[in-house]
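These notes are about the structure you will find just below.
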Amino acid sequence: MSAIPPPLLAINNVEVIYDHVILVLKGVSLEVRDGTIVALLGANGAGKTTTLKAVSNLLSSERGDVTKGSIEFRGQRIDKLTPWEVVKRGVVQVMEGRHCFQHLSVEENLLTGAFTRSGNRAAIRHDLEMVYQYFPRLKERRKSQAGYTSGGEQQMTALGRALMAKPRMILLDEPSMGLAPQIVDEIFEIVRGLNEKEKVSFLLAEQNTNVALRHADYGYILENGRIVMNGPAADLASNEDVKEFYLGLSTAGRKSFRDAKHYRRRKRWLA
Amino acid sequence: MSFFFEVLIGGLLAGVMYSLVALGFVLIYKASGVFNFAQGAMVFFAALTFVGLQEKFGLPFWGAFVLALAAMVVLGILTERIVLRPLVNQPQITLFMATIGLAFFIEGLAQLIWGTNVRRLDLGIKDEPIPFLLERFDMALSGFDLIAAVVAGVLVTVLAVFFQVTRVGRALRAVADDHQAALAVGIPLKQIWAIVWSVAGFVALIAGLMWGARNGVQFALTFVALKALPVLIIGGFESVTGAIVGGLIIGASEKLAEIYGVPFLEWLVRMLFNISLTLGGIELWFAYVMALLFLLIRPEGLFGEKRIDRV
C-alpha cells in the first residue's frame, strides 16, 4: 500500500488575529501539491495577504498572530519559525506592491535574495544568470537603481530576488497590481515557465480572477476570512457564481455590477 | 599665505574629528533608518570604559581596548534585544524616541559604573606642532590631528568596502531600505542589527579615544554628537563618504570663518553703524548656519540618498 505523499504546503484550520482583537482568518484550510500553481482569490480584505503572511511568518512584525491551526511544509510545522528560517526551508514571499530595495541596483536586489545561501559563490552566479534568462530586461537594467525602474521591471526584480533563494515554493501576492494587462500576461507566462522548468510551486493571491484562473491549476475563493469555494481552476472559471461575482459575466452575457445580487452570495456561502 | 594654509589644514584636520563621530550615526542610519540619538552617549561610554579599565585594573592599552570593544559589542547586542527587536516595523519616530531614552540610560550607566570624575586619557601621541613642518613651512600642525586623520581615513575605507562589496554590507543597505522586504527575502534582522550596533560601538570607541585624549574623558563628550549633526546634514545621513566630506567642510569653514570672518564682520559693523565692536566665537555656531543653508538648498546632503518618488 503506497501512502499518498503529503502535500508540499498544508494550511490546517488557521486562525489569525491582529492586535489581539481583530479576527481576520476564521479557520482557513488549503493545500498546495508539489509542482502546482494554486490561486487564492477574493475581494479586498478577504484575507488573501494575511494567509500568505501567515505562511511566511511576516505577520509577527505587523502584530498579527496565528492563534489556531497549523501550517506544514513538506510535512513539518513551520508556523513557529522566524521569517528567515522559513526562507531557508524553501518558501519565499513576494510581497504585494513589489517592495524592491529602492536604493540598491537591480543586480544587488537579486543578490540580497541569496542571503540565506551563505557561501558557494559559483552556484549563486549561476542562478543569477538563470534569473537573467527568464527576465532579459533585468540584465539590461542590472546597474540601474531599482527605485527608478518601471513597475513591471520592479515586479520582475521582486520575483527574481525570490528565485535567488532557490525556493521550492513562492508565495506571490498580487503580481498584477498596478501593471498594464500586457505586462501582467508577460509575468504570468514567466510564472508558468518557472513552474514547469524550475519546478517551483506557487501560491498566488490575486484580485484579477480572470488571469489567475487562466494560469493556475487549482483555486480557492476566500471571503471574509473563510474559504467559500475551491476546485480545479477550469471548474471555477466555468462556475456560474464565480462568473457572476468575480468575472462579471452571466448567462445573459456581460452585465453591470449594479445588478449583481449580493444577497445571493451571503445566503449561499455565509449562512 | 602660509598662515592661510595653516588655518585651512588645521580646520580640515579638526573636521576629521567630527567625521569620526558622524560615522557612527551614518552606520546605524544606513542599516536601520534610525537616527541614533544615543551615539554621543556611546562615545562617552566607550571612552569612559577604556579609561576606567586602565585606571582600576592597570591594563595596558591593547588589553583595555579589547575589553572596551567587548563591552561595546555587548551593549550593541543588548540594545538590539531589548530596544529594537520589539519595535520592528514601527514608525521611525518611535525608534528615534527609543534612542533618546537609550542615550540617557547609557550616560547614567557609564557614570554608575565608573564614577563622574573627569579623567585624563593618554594615548602617547603628542598634541603639539610637528617640528619638521614648523621649520620647513612655518606651519603649526598638531601631530595628534594628523594621526586622527589617518585613523579616520583607514576606518572610512574599511567601512566603505564593507558596505559596498560584502554580502552582509549589502544586506545592511537592504534592511535600511525596507525592513519588511528584507524579512521576506530571509535576511535575519536580529543578527544584522546586532552587527551594526556592534560596529557602531567600535566606531564610538575610536571616536571616544581620540576625543577623550584631546579634551579629557568627561560628560561633555556626549555633546560632540551635536557637532556631528551639521556634518550629517551637509554630507548626507546615509553616506560614509558624506560623513568625511561633511566633516572636512565644517572643520575648514568654521576655522576660516573664525579667523577671517570675525575681522570682516567687525569691519562691516563699523562701516554700517559706525560702532566698533569686538566680535568672536563664530566657530561655535557657524557649522549650524552652514547646515541650515544646506537644508534649504540640498536637503538630502551632498552624498545622501535621494528619496525616490515614482509618479
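Naming scheme: A, B, ... for chains in displayed order of the C-alpha cells; residues 1 onward per chain; ligands 1 onward as shown.
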
Spatial neighbours of Gly10 of chain B, 8 Å, only C-alpha atoms, chain gap at least 6 places, as a list in words = Leu141, Ser142, Asp145, Ala252 and Lys255 of chain B

Would you output that residue set with C-alpha atoms, as a compact mmCIF listing (two decimals), in the first residue's frame?
# COMPACT_ATOMS: atom_id res chain seq x y z
CA LEU B 141 50.11 71.47 12.68
CA SER B 142 49.46 69.08 15.51
CA ASP B 145 45.45 65.80 14.37
CA ALA B 252 37.67 74.07 7.44
CA LYS B 255 38.14 77.80 11.32

Run DSSP on the backbone and give me the residues of segment 106-194 of chain A it puts in strand (DSSP E or B), as a PyMOL selection string.
-> chain A and resi 145+169-173

Taking the backbone alone, and naming residues the way the document does, which bits of segment 7-216 of chain A are helix (DSSP H, G or I) by DSSP, as a PDB file with N, CA and C atoms, in the first residue's frame?
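Listed below is the output, result11.pdb:
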ATOM      1  N   LYS A  48      -6.512  37.280   1.834  1.00  0.00           N
ATOM      2  CA  LYS A  48      -5.519  36.630   0.962  1.00  0.00           C
ATOM      3  C   LYS A  48      -4.093  36.909   1.453  1.00  0.00           C
ATOM      4  N   THR A  49      -3.802  38.192   1.609  1.00  0.00           N
ATOM      5  CA  THR A  49      -2.449  38.570   2.031  1.00  0.00           C
ATOM      6  C   THR A  49      -2.132  37.992   3.397  1.00  0.00           C
ATOM      7  N   THR A  50      -3.114  38.050   4.296  1.00  0.00           N
ATOM      8  CA  THR A  50      -2.900  37.515   5.638  1.00  0.00           C
ATOM      9  C   THR A  50      -2.555  36.033   5.580  1.00  0.00           C
ATOM     10  N   THR A  51      -3.241  35.301   4.695  1.00  0.00           N
ATOM     11  CA  THR A  51      -2.936  33.874   4.570  1.00  0.00           C
ATOM     12  C   THR A  51      -1.480  33.676   4.150  1.00  0.00           C
ATOM     13  N   LEU A  52      -1.065  34.436   3.127  1.00  0.00           N
ATOM     14  CA  LEU A  52       0.324  34.294   2.666  1.00  0.00           C
ATOM     15  C   LEU A  52       1.300  34.660   3.777  1.00  0.00           C
ATOM     16  N   LYS A  53       0.996  35.752   4.482  1.00  0.00           N
ATOM     17  CA  LYS A  53       1.930  36.190   5.516  1.00  0.00           C
ATOM     18  C   LYS A  53       1.951  35.248   6.717  1.00  0.00           C
ATOM     19  N   ALA A  54       0.854  34.531   6.893  1.00  0.00           N
ATOM     20  CA  ALA A  54       0.854  33.526   7.962  1.00  0.00           C
ATOM     21  C   ALA A  54       1.857  32.432   7.619  1.00  0.00           C
ATOM     22  N   VAL A  55       1.951  32.102   6.335  1.00  0.00           N
ATOM     23  CA  VAL A  55       2.886  31.053   5.921  1.00  0.00           C
ATOM     24  C   VAL A  55       4.329  31.552   6.035  1.00  0.00           C
ATOM     25  N   SER A  56       4.594  32.752   5.495  1.00  0.00           N
ATOM     26  CA  SER A  56       5.977  33.256   5.513  1.00  0.00           C
ATOM     27  C   SER A  56       6.349  33.813   6.878  1.00  0.00           C
ATOM     28  N   LEU A  59       3.811  37.976   9.678  1.00  0.00           N
ATOM     29  CA  LEU A  59       2.728  38.554  10.479  1.00  0.00           C
ATOM     30  C   LEU A  59       3.236  39.187  11.770  1.00  0.00           C
ATOM     31  N   SER A  60       4.234  38.530  12.359  1.00  0.00           N
ATOM     32  CA  SER A  60       4.642  38.974  13.692  1.00  0.00           C
ATOM     33  C   SER A  60       5.099  40.429  13.683  1.00  0.00           C
ATOM     34  N   SER A  61       5.676  40.878  12.545  1.00  0.00           N
ATOM     35  CA  SER A  61       6.119  42.271  12.513  1.00  0.00           C
ATOM     36  C   SER A  61       4.949  43.212  12.270  1.00  0.00           C
ATOM     37  N   GLU A  62       3.753  42.671  12.085  1.00  0.00           N
ATOM     38  CA  GLU A  62       2.574  43.536  11.917  1.00  0.00           C
ATOM     39  C   GLU A  62       1.567  43.292  13.033  1.00  0.00           C
ATOM     40  N   PRO A  83      10.915  34.384  10.045  1.00  0.00           N
ATOM     41  CA  PRO A  83      10.818  34.526   8.585  1.00  0.00           C
ATOM     42  C   PRO A  83      12.044  33.974   7.855  1.00  0.00           C
ATOM     43  N   TRP A  84      13.252  34.181   8.416  1.00  0.00           N
ATOM     44  CA  TRP A  84      14.432  33.714   7.674  1.00  0.00           C
ATOM     45  C   TRP A  84      14.571  32.184   7.707  1.00  0.00           C
ATOM     46  N   GLU A  85      14.066  31.589   8.786  1.00  0.00           N
ATOM     47  CA  GLU A  85      14.088  30.127   8.812  1.00  0.00           C
ATOM     48  C   GLU A  85      13.123  29.558   7.771  1.00  0.00           C
ATOM     49  N   VAL A  86      11.991  30.241   7.612  1.00  0.00           N
ATOM     50  CA  VAL A  86      11.026  29.799   6.603  1.00  0.00           C
ATOM     51  C   VAL A  86      11.652  29.885   5.216  1.00  0.00           C
ATOM     52  N   VAL A  87      12.371  30.988   4.957  1.00  0.00           N
ATOM     53  CA  VAL A  87      13.033  31.145   3.655  1.00  0.00           C
ATOM     54  C   VAL A  87      14.045  30.025   3.452  1.00  0.00           C
ATOM     55  N   LYS A  88      14.768  29.700   4.511  1.00  0.00           N
ATOM     56  CA  LYS A  88      15.779  28.632   4.419  1.00  0.00           C
ATOM     57  C   LYS A  88      15.153  27.293   4.077  1.00  0.00           C
ATOM     58  N   ARG A  89      13.929  27.080   4.574  1.00  0.00           N
ATOM     59  CA  ARG A  89      13.259  25.814   4.246  1.00  0.00           C
ATOM     60  C   ARG A  89      12.802  25.771   2.792  1.00  0.00           C
ATOM     61  N   VAL A 106      19.492  46.869  -9.460  1.00  0.00           N
ATOM     62  CA  VAL A 106      18.691  45.679  -9.730  1.00  0.00           C
ATOM     63  C   VAL A 106      19.490  44.424  -9.370  1.00  0.00           C
ATOM     64  N   GLU A 107      20.762  44.408  -9.776  1.00  0.00           N
ATOM     65  CA  GLU A 107      21.567  43.220  -9.502  1.00  0.00           C
ATOM     66  C   GLU A 107      21.769  43.017  -7.996  1.00  0.00           C
ATOM     67  N   GLU A 108      21.999  44.112  -7.284  1.00  0.00           N
ATOM     68  CA  GLU A 108      22.162  43.987  -5.825  1.00  0.00           C
ATOM     69  C   GLU A 108      20.883  43.463  -5.182  1.00  0.00           C
ATOM     70  N   ASN A 109      19.747  43.921  -5.723  1.00  0.00           N
ATOM     71  CA  ASN A 109      18.467  43.405  -5.245  1.00  0.00           C
ATOM     72  C   ASN A 109      18.408  41.892  -5.385  1.00  0.00           C
ATOM     73  N   LEU A 110      18.804  41.431  -6.574  1.00  0.00           N
ATOM     74  CA  LEU A 110      18.755  39.994  -6.820  1.00  0.00           C
ATOM     75  C   LEU A 110      19.689  39.263  -5.852  1.00  0.00           C
ATOM     76  N   LEU A 111      20.873  39.843  -5.650  1.00  0.00           N
ATOM     77  CA  LEU A 111      21.851  39.159  -4.787  1.00  0.00           C
ATOM     78  C   LEU A 111      21.387  39.093  -3.329  1.00  0.00           C
ATOM     79  N   THR A 112      20.656  40.089  -2.862  1.00  0.00           N
ATOM     80  CA  THR A 112      20.165  40.009  -1.478  1.00  0.00           C
ATOM     81  C   THR A 112      19.250  38.796  -1.320  1.00  0.00           C
ATOM     82  N   ARG A 121      29.716  30.799  -4.037  1.00  0.00           N
ATOM     83  CA  ARG A 121      29.521  31.900  -4.964  1.00  0.00           C
ATOM     84  C   ARG A 121      29.180  31.431  -6.368  1.00  0.00           C
ATOM     85  N   ALA A 122      29.793  30.336  -6.779  1.00  0.00           N
ATOM     86  CA  ALA A 122      29.592  29.874  -8.153  1.00  0.00           C
ATOM     87  C   ALA A 122      28.123  29.548  -8.396  1.00  0.00           C
ATOM     88  N   ALA A 123      27.506  28.866  -7.408  1.00  0.00           N
ATOM     89  CA  ALA A 123      26.095  28.498  -7.564  1.00  0.00           C
ATOM     90  C   ALA A 123      25.230  29.751  -7.619  1.00  0.00           C
ATOM     91  N   ILE A 124      25.582  30.748  -6.826  1.00  0.00           N
ATOM     92  CA  ILE A 124      24.793  31.985  -6.805  1.00  0.00           C
ATOM     93  C   ILE A 124      24.926  32.712  -8.143  1.00  0.00           C
ATOM     94  N   ARG A 125      26.163  32.773  -8.668  1.00  0.00           N
ATOM     95  CA  ARG A 125      26.405  33.360 -10.004  1.00  0.00           C
ATOM     96  C   ARG A 125      25.541  32.658 -11.050  1.00  0.00           C
ATOM     97  N   HIS A 126      25.565  31.343 -10.963  1.00  0.00           N
ATOM     98  CA  HIS A 126      24.819  30.532 -11.929  1.00  0.00           C
ATOM     99  C   HIS A 126      23.329  30.885 -11.886  1.00  0.00           C
ATOM    100  N   ASP A 127      22.800  31.009 -10.676  1.00  0.00           N
ATOM    101  CA  ASP A 127      21.378  31.315 -10.545  1.00  0.00           C
ATOM    102  C   ASP A 127      21.067  32.735 -11.002  1.00  0.00           C
ATOM    103  N   LEU A 128      22.036  33.624 -10.821  1.00  0.00           N
ATOM    104  CA  LEU A 128      21.839  34.994 -11.295  1.00  0.00           C
ATOM    105  C   LEU A 128      21.650  34.977 -12.812  1.00  0.00           C
ATOM    106  N   GLU A 129      22.487  34.198 -13.485  1.00  0.00           N
ATOM    107  CA  GLU A 129      22.359  34.077 -14.939  1.00  0.00           C
ATOM    108  C   GLU A 129      21.013  33.464 -15.315  1.00  0.00           C
ATOM    109  N   MET A 130      20.580  32.492 -14.504  1.00  0.00           N
ATOM    110  CA  MET A 130      19.293  31.851 -14.752  1.00  0.00           C
ATOM    111  C   MET A 130      18.170  32.888 -14.669  1.00  0.00           C
ATOM    112  N   VAL A 131      18.226  33.741 -13.649  1.00  0.00           N
ATOM    113  CA  VAL A 131      17.199  34.773 -13.499  1.00  0.00           C
ATOM    114  C   VAL A 131      17.232  35.725 -14.692  1.00  0.00           C
ATOM    115  N   TYR A 132      18.442  36.069 -15.130  1.00  0.00           N
ATOM    116  CA  TYR A 132      18.555  36.965 -16.289  1.00  0.00           C
ATOM    117  C   TYR A 132      17.999  36.317 -17.548  1.00  0.00           C
ATOM    118  N   GLN A 133      18.051  34.977 -17.594  1.00  0.00           N
ATOM    119  CA  GLN A 133      17.491  34.317 -18.756  1.00  0.00           C
ATOM    120  C   GLN A 133      15.970  34.430 -18.785  1.00  0.00           C
ATOM    121  N   TYR A 134      15.378  34.306 -17.603  1.00  0.00           N
ATOM    122  CA  TYR A 134      13.921  34.452 -17.537  1.00  0.00           C
ATOM    123  C   TYR A 134      13.491  35.900 -17.724  1.00  0.00           C
ATOM    124  N   PRO A 136      15.163  38.889 -19.348  1.00  0.00           N
ATOM    125  CA  PRO A 136      16.261  39.553 -20.070  1.00  0.00           C
ATOM    126  C   PRO A 136      16.291  41.065 -19.795  1.00  0.00           C
ATOM    127  N   ARG A 137      15.116  41.614 -19.542  1.00  0.00           N
ATOM    128  CA  ARG A 137      15.050  43.056 -19.314  1.00  0.00           C
ATOM    129  C   ARG A 137      15.848  43.456 -18.067  1.00  0.00           C
ATOM    130  N   LEU A 138      15.885  42.572 -17.085  1.00  0.00           N
ATOM    131  CA  LEU A 138      16.630  42.891 -15.871  1.00  0.00           C
ATOM    132  C   LEU A 138      18.128  42.949 -16.141  1.00  0.00           C
ATOM    133  N   LYS A 139      18.572  42.137 -17.077  1.00  0.00           N
ATOM    134  CA  LYS A 139      20.006  42.146 -17.382  1.00  0.00           C
ATOM    135  C   LYS A 139      20.402  43.494 -17.976  1.00  0.00           C
ATOM    136  N   GLU A 140      19.527  44.011 -18.857  1.00  0.00           N
ATOM    137  CA  GLU A 140      19.799  45.332 -19.424  1.00  0.00           C
ATOM    138  C   GLU A 140      19.876  46.404 -18.345  1.00  0.00           C
ATOM    139  N   ALA A 146      16.963  50.326  -8.422  1.00  0.00           N
ATOM    140  CA  ALA A 146      15.660  49.685  -8.564  1.00  0.00           C
ATOM    141  C   ALA A 146      14.514  50.688  -8.462  1.00  0.00           C
ATOM    142  N   GLY A 147      14.690  51.698  -7.650  1.00  0.00           N
ATOM    143  CA  GLY A 147      13.626  52.682  -7.444  1.00  0.00           C
ATOM    144  C   GLY A 147      13.251  53.427  -8.711  1.00  0.00           C
ATOM    145  N   TYR A 148      14.183  53.473  -9.671  1.00  0.00           N
ATOM    146  CA  TYR A 148      13.914  54.219 -10.897  1.00  0.00           C
ATOM    147  C   TYR A 148      13.449  53.338 -12.051  1.00  0.00           C
ATOM    148  N   GLY A 151       7.262  49.799 -13.100  1.00  0.00           N
ATOM    149  CA  GLY A 151       6.518  48.885 -12.236  1.00  0.00           C
ATOM    150  C   GLY A 151       6.711  47.434 -12.642  1.00  0.00           C
ATOM    151  N   GLY A 152       6.657  47.181 -13.953  1.00  0.00           N
ATOM    152  CA  GLY A 152       6.833  45.815 -14.441  1.00  0.00           C
ATOM    153  C   GLY A 152       8.225  45.297 -14.109  1.00  0.00           C
ATOM    154  N   GLU A 153       9.230  46.150 -14.312  1.00  0.00           N
ATOM    155  CA  GLU A 153      10.599  45.736 -14.020  1.00  0.00           C
ATOM    156  C   GLU A 153      10.784  45.482 -12.528  1.00  0.00           C
ATOM    157  N   GLN A 154      10.090  46.286 -11.708  1.00  0.00           N
ATOM    158  CA  GLN A 154      10.195  46.060 -10.264  1.00  0.00           C
ATOM    159  C   GLN A 154       9.559  44.734  -9.864  1.00  0.00           C
ATOM    160  N   GLN A 155       8.425  44.406 -10.517  1.00  0.00           N
ATOM    161  CA  GLN A 155       7.791  43.126 -10.200  1.00  0.00           C
ATOM    162  C   GLN A 155       8.712  41.976 -10.604  1.00  0.00           C
ATOM    163  N   MET A 156       9.390  42.161 -11.744  1.00  0.00           N
ATOM    164  CA  MET A 156      10.332  41.140 -12.184  1.00  0.00           C
ATOM    165  C   MET A 156      11.510  41.040 -11.218  1.00  0.00           C
ATOM    166  N   THR A 157      11.979  42.191 -10.753  1.00  0.00           N
ATOM    167  CA  THR A 157      13.087  42.191  -9.797  1.00  0.00           C
ATOM    168  C   THR A 157      12.675  41.441  -8.530  1.00  0.00           C
ATOM    169  N   ALA A 158      11.455  41.724  -8.063  1.00  0.00           N
ATOM    170  CA  ALA A 158      10.995  41.083  -6.828  1.00  0.00           C
ATOM    171  C   ALA A 158      10.882  39.572  -7.009  1.00  0.00           C
ATOM    172  N   LEU A 159      10.379  39.168  -8.184  1.00  0.00           N
ATOM    173  CA  LEU A 159      10.264  37.733  -8.465  1.00  0.00           C
ATOM    174  C   LEU A 159      11.643  37.094  -8.578  1.00  0.00           C
ATOM    175  N   GLY A 160      12.521  37.781  -9.303  1.00  0.00           N
ATOM    176  CA  GLY A 160      13.879  37.271  -9.482  1.00  0.00           C
ATOM    177  C   GLY A 160      14.598  37.161  -8.149  1.00  0.00           C
ATOM    178  N   ARG A 161      14.392  38.143  -7.298  1.00  0.00           N
ATOM    179  CA  ARG A 161      15.024  38.153  -5.976  1.00  0.00           C
ATOM    180  C   ARG A 161      14.574  36.931  -5.176  1.00  0.00           C
ATOM    181  N   ALA A 162      13.261  36.624  -5.291  1.00  0.00           N
ATOM    182  CA  ALA A 162      12.757  35.447  -4.577  1.00  0.00           C
ATOM    183  C   ALA A 162      13.382  34.171  -5.127  1.00  0.00           C
ATOM    184  N   LEU A 163      13.555  34.131  -6.458  1.00  0.00           N
ATOM    185  CA  LEU A 163      14.137  32.937  -7.079  1.00  0.00           C
ATOM    186  C   LEU A 163      15.556  32.675  -6.608  1.00  0.00           C
ATOM    187  N   PRO A 181      -2.185  45.331 -18.632  1.00  0.00           N
ATOM    188  CA  PRO A 181      -2.587  43.950 -18.908  1.00  0.00           C
ATOM    189  C   PRO A 181      -1.531  43.152 -19.656  1.00  0.00           C
ATOM    190  N   GLN A 182      -0.837  43.816 -20.598  1.00  0.00           N
ATOM    191  CA  GLN A 182       0.181  43.127 -21.380  1.00  0.00           C
ATOM    192  C   GLN A 182       1.316  42.620 -20.476  1.00  0.00           C
ATOM    193  N   ILE A 183       1.753  43.491 -19.550  1.00  0.00           N
ATOM    194  CA  ILE A 183       2.834  43.125 -18.626  1.00  0.00           C
ATOM    195  C   ILE A 183       2.352  42.014 -17.701  1.00  0.00           C
ATOM    196  N   VAL A 184       1.071  42.120 -17.269  1.00  0.00           N
ATOM    197  CA  VAL A 184       0.523  41.093 -16.385  1.00  0.00           C
ATOM    198  C   VAL A 184       0.620  39.736 -17.066  1.00  0.00           C
ATOM    199  N   ASP A 185       0.234  39.686 -18.352  1.00  0.00           N
ATOM    200  CA  ASP A 185       0.310  38.423 -19.076  1.00  0.00           C
ATOM    201  C   ASP A 185       1.743  37.918 -19.149  1.00  0.00           C
ATOM    202  N   GLU A 186       2.654  38.862 -19.440  1.00  0.00           N
ATOM    203  CA  GLU A 186       4.064  38.506 -19.545  1.00  0.00           C
ATOM    204  C   GLU A 186       4.544  37.858 -18.248  1.00  0.00           C
ATOM    205  N   ILE A 187       4.163  38.487 -17.130  1.00  0.00           N
ATOM    206  CA  ILE A 187       4.621  37.977 -15.841  1.00  0.00           C
ATOM    207  C   ILE A 187       4.015  36.608 -15.536  1.00  0.00           C
ATOM    208  N   PHE A 188       2.748  36.446 -15.861  1.00  0.00           N
ATOM    209  CA  PHE A 188       2.120  35.144 -15.604  1.00  0.00           C
ATOM    210  C   PHE A 188       2.711  34.047 -16.494  1.00  0.00           C
ATOM    211  N   GLU A 189       3.087  34.422 -17.731  1.00  0.00           N
ATOM    212  CA  GLU A 189       3.751  33.447 -18.603  1.00  0.00           C
ATOM    213  C   GLU A 189       5.058  32.982 -17.960  1.00  0.00           C
ATOM    214  N   ILE A 190       5.792  33.950 -17.395  1.00  0.00           N
ATOM    215  CA  ILE A 190       7.072  33.605 -16.770  1.00  0.00           C
ATOM    216  C   ILE A 190       6.848  32.710 -15.552  1.00  0.00           C
ATOM    217  N   VAL A 191       5.798  33.030 -14.781  1.00  0.00           N
ATOM    218  CA  VAL A 191       5.466  32.198 -13.620  1.00  0.00           C
ATOM    219  C   VAL A 191       5.198  30.760 -14.066  1.00  0.00           C
ATOM    220  N   ARG A 192       4.440  30.639 -15.131  1.00  0.00           N
ATOM    221  CA  ARG A 192       4.155  29.314 -15.695  1.00  0.00           C
ATOM    222  C   ARG A 192       5.449  28.586 -16.072  1.00  0.00           C
ATOM    223  N   GLY A 193       6.320  29.351 -16.744  1.00  0.00           N
ATOM    224  CA  GLY A 193       7.600  28.787 -17.172  1.00  0.00           C
ATOM    225  C   GLY A 193       8.431  28.310 -15.995  1.00  0.00           C
ATOM    226  N   LEU A 194       8.482  29.130 -14.946  1.00  0.00           N
ATOM    227  CA  LEU A 194       9.256  28.763 -13.760  1.00  0.00           C
ATOM    228  C   LEU A 194       8.682  27.511 -13.135  1.00  0.00           C
ATOM    229  N   ASN A 195       7.359  27.452 -13.141  1.00  0.00           N
ATOM    230  CA  ASN A 195       6.676  26.303 -12.565  1.00  0.00           C
ATOM    231  C   ASN A 195       7.026  25.020 -13.316  1.00  0.00           C
ATOM    232  N   GLU A 196       7.050  25.130 -14.656  1.00  0.00           N
ATOM    233  CA  GLU A 196       7.298  23.930 -15.446  1.00  0.00           C
ATOM    234  C   GLU A 196       8.769  23.533 -15.464  1.00  0.00           C
ATOM    235  N   LYS A 197       9.659  24.548 -15.667  1.00  0.00           N
ATOM    236  CA  LYS A 197      11.068  24.211 -15.856  1.00  0.00           C
ATOM    237  C   LYS A 197      11.840  24.127 -14.556  1.00  0.00           C
ATOM    238  N   THR A 209      -9.170  37.763 -11.076  1.00  0.00           N
ATOM    239  CA  THR A 209      -9.604  36.368 -11.110  1.00  0.00           C
ATOM    240  C   THR A 209      -9.399  35.726 -12.477  1.00  0.00           C
ATOM    241  N   ASN A 210      -9.707  36.516 -13.482  1.00  0.00           N
ATOM    242  CA  ASN A 210      -9.636  36.039 -14.845  1.00  0.00           C
ATOM    243  C   ASN A 210      -8.241  35.506 -15.203  1.00  0.00           C
ATOM    244  N   VAL A 211      -7.227  36.386 -15.053  1.00  0.00           N
ATOM    245  CA  VAL A 211      -5.858  35.980 -15.384  1.00  0.00           C
ATOM    246  C   VAL A 211      -5.412  34.834 -14.486  1.00  0.00           C
ATOM    247  N   ALA A 212      -5.720  34.946 -13.204  1.00  0.00           N
ATOM    248  CA  ALA A 212      -5.245  33.951 -12.253  1.00  0.00           C
ATOM    249  C   ALA A 212      -5.783  32.572 -12.607  1.00  0.00           C
ATOM    250  N   LEU A 213      -7.073  32.482 -12.901  1.00  0.00           N
ATOM    251  CA  LEU A 213      -7.649  31.165 -13.199  1.00  0.00           C
ATOM    252  C   LEU A 213      -7.140  30.603 -14.517  1.00  0.00           C
ATOM    253  N   ARG A 214      -6.751  31.507 -15.425  1.00  0.00           N
ATOM    254  CA  ARG A 214      -6.226  31.036 -16.698  1.00  0.00           C
ATOM    255  C   ARG A 214      -4.880  30.324 -16.511  1.00  0.00           C
ATOM    256  N   HIS A 215      -4.101  30.779 -15.518  1.00  0.00           N
ATOM    257  CA  HIS A 215      -2.750  30.218 -15.376  1.00  0.00           C
ATOM    258  C   HIS A 215      -2.601  29.211 -14.241  1.00  0.00           C
TER     259      HIS A 215
END

Interface list for chain B, partner chain A, 10 Å threshold, only C-alpha atoms, as a ChimeraX atom specification | /B:85-90,164-165,167-168,170-189,305-310

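Look at Asp173 of chain A: the protein and nucleic acid residues within 6 Å of it, using only C-alpha atoms and passing over chain neighbours fewer than 6 places away, are Met95, Glu96, Leu204 and Ala205 of chain A.
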
Residue selection dump (C-alpha atoms) as a tab-separated table (two decimals), in the first residue's frame:
chain	number	residue	atom	x	y	z
A	95	MET	CA	5.07	40.95	-1.30
A	96	GLU	CA	2.23	42.97	-2.68
A	204	LEU	CA	-0.67	33.24	-5.59
A	205	ALA	CA	-3.13	35.75	-4.24

Polymer residues at most 9 Å from Ala225 of chain B, only C-alpha atoms, same-chain spacing of 5 or more positions, as a PyMOL selection string = chain B and resi 18+21-22+25+37-41+43

Would you mind telling me which residue in B:Ile234, B:Leu296, B:Ala110, B:Thr278 lies nearest to Leu265 of chain B when using only C-alpha atoms?
-> B:Thr278
